[in-house]
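Since the structure comes first, as structure tokens, the remarks are kept for the end.
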2 protein chains.
Amino acid sequence: MTKITLVGAGSAAFSMNVVKDLCLTKGLAGSEIALMDLDNERLDAVYSMAKSYSVAMGANLRISKTQDRRDALMDSDFVIDTVLVGGHEQQEIVRSVGEKHGYYRGVEAVEFNMIQDYSTTFQGYYQLKFFMELATEMEELCPDALLIDVANPEFEAGTLLAREKKIKVASYCHGYLGWIEVAKALGLDPEEVDFQVAGFNHNIFLTRFQLGDVDVYDLLDEWIENKSQDYWSNYKQKNEFDIHLSRAAVDMHKLYGLFPIGDTVRSGSWKYHYDLKTKQYWYGEFGGPDSEIGWARYLNTVKERTEKIFALAGHSGSELLSDFPPVKSREQIVPLIDSIVNDRGERFVLGVRNDSAVAGLPSDVVVEIPVQANQKGLSPEKIEPIPERLTRMVLFPRLVRLEMALEAFLKGDRSLLLEILYRDRRTVSDVQARQVLDEILTLPFNEQMRKHYS
Amino acid sequence: MTKITLVGAGSAAFSMNVVKDLCLTKGLAGSEIALMDLDNERLDAVYSMAKSYSVAMGANLRISKTQDRRDALMDSDFVIDTVLVGGHEQQEIVRSVGEKHGYYRGVEAVEFNMIQDYSTTFQGYYQLKFFMELATEMEELCPDALLIDVANPEFEAGTLLAREKKIKVASYCHGYLGWIEVAKALGLDPEEVDFQVAGFNHNIFLTRFQLGDVDVYDLLDEWIENKSQDYWSNYKQKNEFDIHLSRAAVDMHKLYGLFPIGDTVRSGSWKYHYDLKTKQYWYGEFGGPDSEIGWARYLNTVKERTEKIFALAGHSGSELLSDFPPVKSREQIVPLIDSIVNDRGERFVLGVRNDSAVAGLPSDVVVEIPVQANQKGLSPEKIEPIPERLTRMVLFPRLVRLEMALEAFLKGDRSLLLEILYRDRRTVSDVQARQVLDEILTLPFNEQMRKHYS
């Protein structure tokens, strides 16, 4: 019997997807699913929906709930972590302090530290701290379990745990599915296309793109040559994340030699982020997710989706079946567990310790690449070479930022936080850097962080 | 008989030092010294001074002059290159174009490309081109000669040649002698101190600093604790380069764990360079060499020194002996040649291909470290470990910049020049980056460069 634990199960949309996928996965019948969250109200709502749904599906699942993480972790085989400590609310407060001090929003994951802006950079402290505590408990309570991390910052968190902890970790980010949108835009059936991505989380590129003997890159180049202008003039974006074939994506492709996938497109360099108009040129009408417009939309979507799901809390089993039609989601977490438990050897894109999978990168960092999952573990497939320019201009600078962030965190070194700020192009004076750091650290919810960095 | 060729011999102060040191070095008696420059007037002046001086000293040297580089190189054993293509004049024009477009002067060698600002970054093209041509001729005319490079950008040039050419190269920069100033400020006799520096050119740090059993770093920390405030309030700087113990140097030491030496102090990060006032805080009254004040002083010093030397051109041998008192200079070029020719095994600080001398850095880049020089060549001594933080925050980012600069140069890739600009914190819009690049490339003396990058 397999025990699957969801830490942060109050993320209702995510949890219900997992539950639904489990109900639809025969190989995992009989599993226990432990829902854990500190927020009792949300936890109760998700728990009752999950139970009713499972019963209505006639699935053979044991569903439990707890606010006690230790209980949840005990004897787990798989631990799924979705926690964003402080949530979007605190993130937005930190972001607004940053913008007040001249740190205009935008992603420069290549040149700077983490996806998004100061909201995650500095709040990253709580995320990393949470990961370390979770891993410490796992070492004690379920030392053989696999931690599947879906919470940011995945690159930093995964690398931190790979270096500091003994548990098994894999990061999962659905951003890589963006390759499907690229294939579709070229008029291809994704089922027929062979792809490979590689890089760091939020910095992955298509290292292989084949349709039988045809290099899809040739089709892509044709599309860029003949159809991209028309596309950029007329395409109606589905939402602010629909930037798969944006000007920014094509520009990055030209520069680095490989096509960027998923969130990678958000973080080419600051050249896409000078101001809203610039963002709109590169990312379309919403300016991408990292603009004033796009991020507000995203927050609103999250809010509406959450409210909508919790509004279903009292629904009967049969109502829930129409609320959550019993079709497998695109998420790969349950298939991953199934493949490991039942030794299926299926292919997944995951963040795993590099060892020697990607040539030219250190062994002790987490890379995002396709792996084969079976009972023995996760085996990376052979990764196609990454162009030197991409390694030099994207991956190395990103890696340097990770190292600075992890060292600041591990040493609690406040001066290093300041030095990270000095290396931020938005810093134009010493006073500015000190003031923004002071103000962030004196936010009421940052008391722990302030102590850590004192 | 040893043939020593000076390419760019019109740099009178430098050339006269070499000639003087040669006259004072018995082991090199009988050598031929070939003075080569395109500027015939300067060449003549240096040649006649060198000849008169050598005769007055009773030295046994054969001195020749030529404007033909091939003649000069033929059968050379040592080639010394001091050439700055276009000189300071062109450099200043490029700098002023940069400043007009918002690229305020300052060094950010760590985060950006090369020492100084756009004047060398982009004009670097002519330097690298010159090096490649010189090396190609050397492969043909004096394949066993050692090229001793004293021209910037040494890190880029040395690495480029180490990768692309077959000749032997060593870079020499007297910046490392700054360690002596640090020792003296602590009241120590440099003769009694054991030191080691390591890093890249203009990014070197004291990896060892010993006085017998005493770690001089302990004395330095004491000095910082008890005397630095007083020093910063009262010390009278000799000139704009006298920043060895500046606030910036001490700040870098605290952050990186090792003390920065020589030009390294200029390039800690942009935090020392926001504006003139900031520069003066970190570097003293002149704001260091990379301020409006400091650089004007430096240019003036160079001008006055040059005029002063050329004013001596008609002097008799005995007058020249008092103009250039026959005491060995601090420069290590002639001692280096002497040590190699006469197999003395003396110690020098030089830029050489890393191979495995400095752990954690690639083999195919040039590092600046102490080496032992004898007939067989240059053997690196054992290099003390460099703190990880320093490698991550200084050396890796600097290396990334080198790779970008060399790739742009080798491929003639204009878009890469723009990308370098986008990664410059001073760039605040696409238009700005394109305009400054256009204007620099349309300067009359940049015609070749414009074609290369078209």
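The chains in the structure tokens are called A, B, ... from first to last as shown; in each chain the residues are counted from 1, and the ligands are counted from 1 in the order shown.
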
TODO: Please report as a PyMOL selection string which residues of chain B come no farther than 10 Å from chain A, using only C-alpha atoms.
DONE: chain B and resi 110-111+254-255+269-275+278+388-389+391-394+396-397+399-404+407+415-416+419-430+433

Open item on the list: Env of A:Ala59: 12 Å cut, atoms = only C-alpha atoms, seq-sep filter 2 positions within chain, self excluded. Answer as a PyMOL selection string.
Closed with: chain A and resi 19-32+50-57+61-63+326

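Ranking B:Leu312, B:Val265, B:Ile386, B:Ala135 by their shortest atom-to-atom distance to B:Glu164, with only C-alpha atoms included, puts B:Ala135 first.
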
Open item on the list: Would you compute the distance between atom CA of B:Leu6 and atom CA of B:Ile80? Give it in Å to one decimal.
Closed with: 4.9 Å

Show which residues sit within 12 Å of A:Ser356, as a PDB file with C-alpha atoms, in the first residue's frame. Count only C-alpha atoms, and ignore same-chain residues fewer than 3 positions away.
ATOM      1  CA  VAL A 352      16.841  16.136 -10.414  1.00  0.00           C
ATOM      2  CA  ARG A 353      20.418  16.369  -9.218  1.00  0.00           C
ATOM      3  CA  ALA A 359      27.582  18.212 -19.644  1.00  0.00           C
ATOM      4  CA  GLY A 360      29.279  21.427 -18.611  1.00  0.00           C
ATOM      5  CA  LEU A 361      27.210  21.980 -15.467  1.00  0.00           C
ATOM      6  CA  PRO A 362      28.256  21.100 -11.904  1.00  0.00           C
ATOM      7  CA  SER A 363      27.056  17.775 -10.483  1.00  0.00           C
ATOM      8  CA  ASP A 364      25.531  19.223  -7.341  1.00  0.00           C
ATOM      9  CA  VAL A 365      22.845  21.393  -8.896  1.00  0.00           C
ATOM     10  CA  VAL A 366      19.332  20.425  -9.898  1.00  0.00           C
ATOM     11  CA  VAL A 367      18.667  20.308 -13.635  1.00  0.00           C
ATOM     12  CA  SER A 379      17.218   7.749 -14.550  1.00  0.00           C
ATOM     13  CA  PRO A 380      18.076  10.734 -16.746  1.00  0.00           C
ATOM     14  CA  GLU A 381      17.996  10.100 -20.467  1.00  0.00           C
ATOM     15  CA  LYS A 382      20.894  11.132 -22.658  1.00  0.00           C
ATOM     16  CA  ILE A 383      20.748  14.900 -22.946  1.00  0.00           C
TER      17      ILE A 383
END

TODO: Give me every strand (DSSP E) residue in stretch 195-319 of chain B, going by DSSP on the backbone, as a PyMOL selection string.
DONE: chain B and resi 195-200+203-211+214-215+259-261

Open item on the list: For B:Ala151, find every residue with an atom within 8 Å (counting only C-alpha atoms), except residues of its own chain fewer than 6 positions away, and show them as a list of chain:residue names.
Closed with: B:Asp81, B:Thr82, B:Val83, B:Leu84

- [ ] Write out as a list in words each polymer residue whose atoms come within 10 Å of A:Ser339, counting only C-alpha atoms; drop sequence neighbours fewer than 2 positions from it.
- [x]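 The residues satisfying every condition are Gly27, Leu28, Ile333, Val334, Pro335, Leu336, Ile337, Val341, Asn342, Asp343, Arg344, Gly345, Glu346, Arg347, Phe348, Gln372, Ala373, Asn374, Gln375 and Gly377 of chain A.
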
Task: A:Asp413 environment, 9 Å, only C-alpha atoms, sequence neighbours closer than 3 positions dropped, as number ranges by chain - done: A: 407-410, 416-417, 452-454

Open item on the list: Restricting the calculation to only C-alpha atoms: of B:Asp37, B:Asp218, B:Asp251, B:Glu154, which residue gets closest to B:Asp68?
Closed with: B:Asp37

Open item on the list: Between A:Asp221, A:Arg70, A:Leu147, A:Lys129, which residue has the minimum interatomic distance to A:His253, considering only C-alpha atoms?
Closed with: A:Asp221

TODO: Show which residues sit within 7 Å of stretch 295-310 of chain A, as an NGL selection string. Count only C-alpha atoms, and ignore same-chain residues fewer than 5 positions away.
DONE: :A and (12-13 or 45 or 289-290)
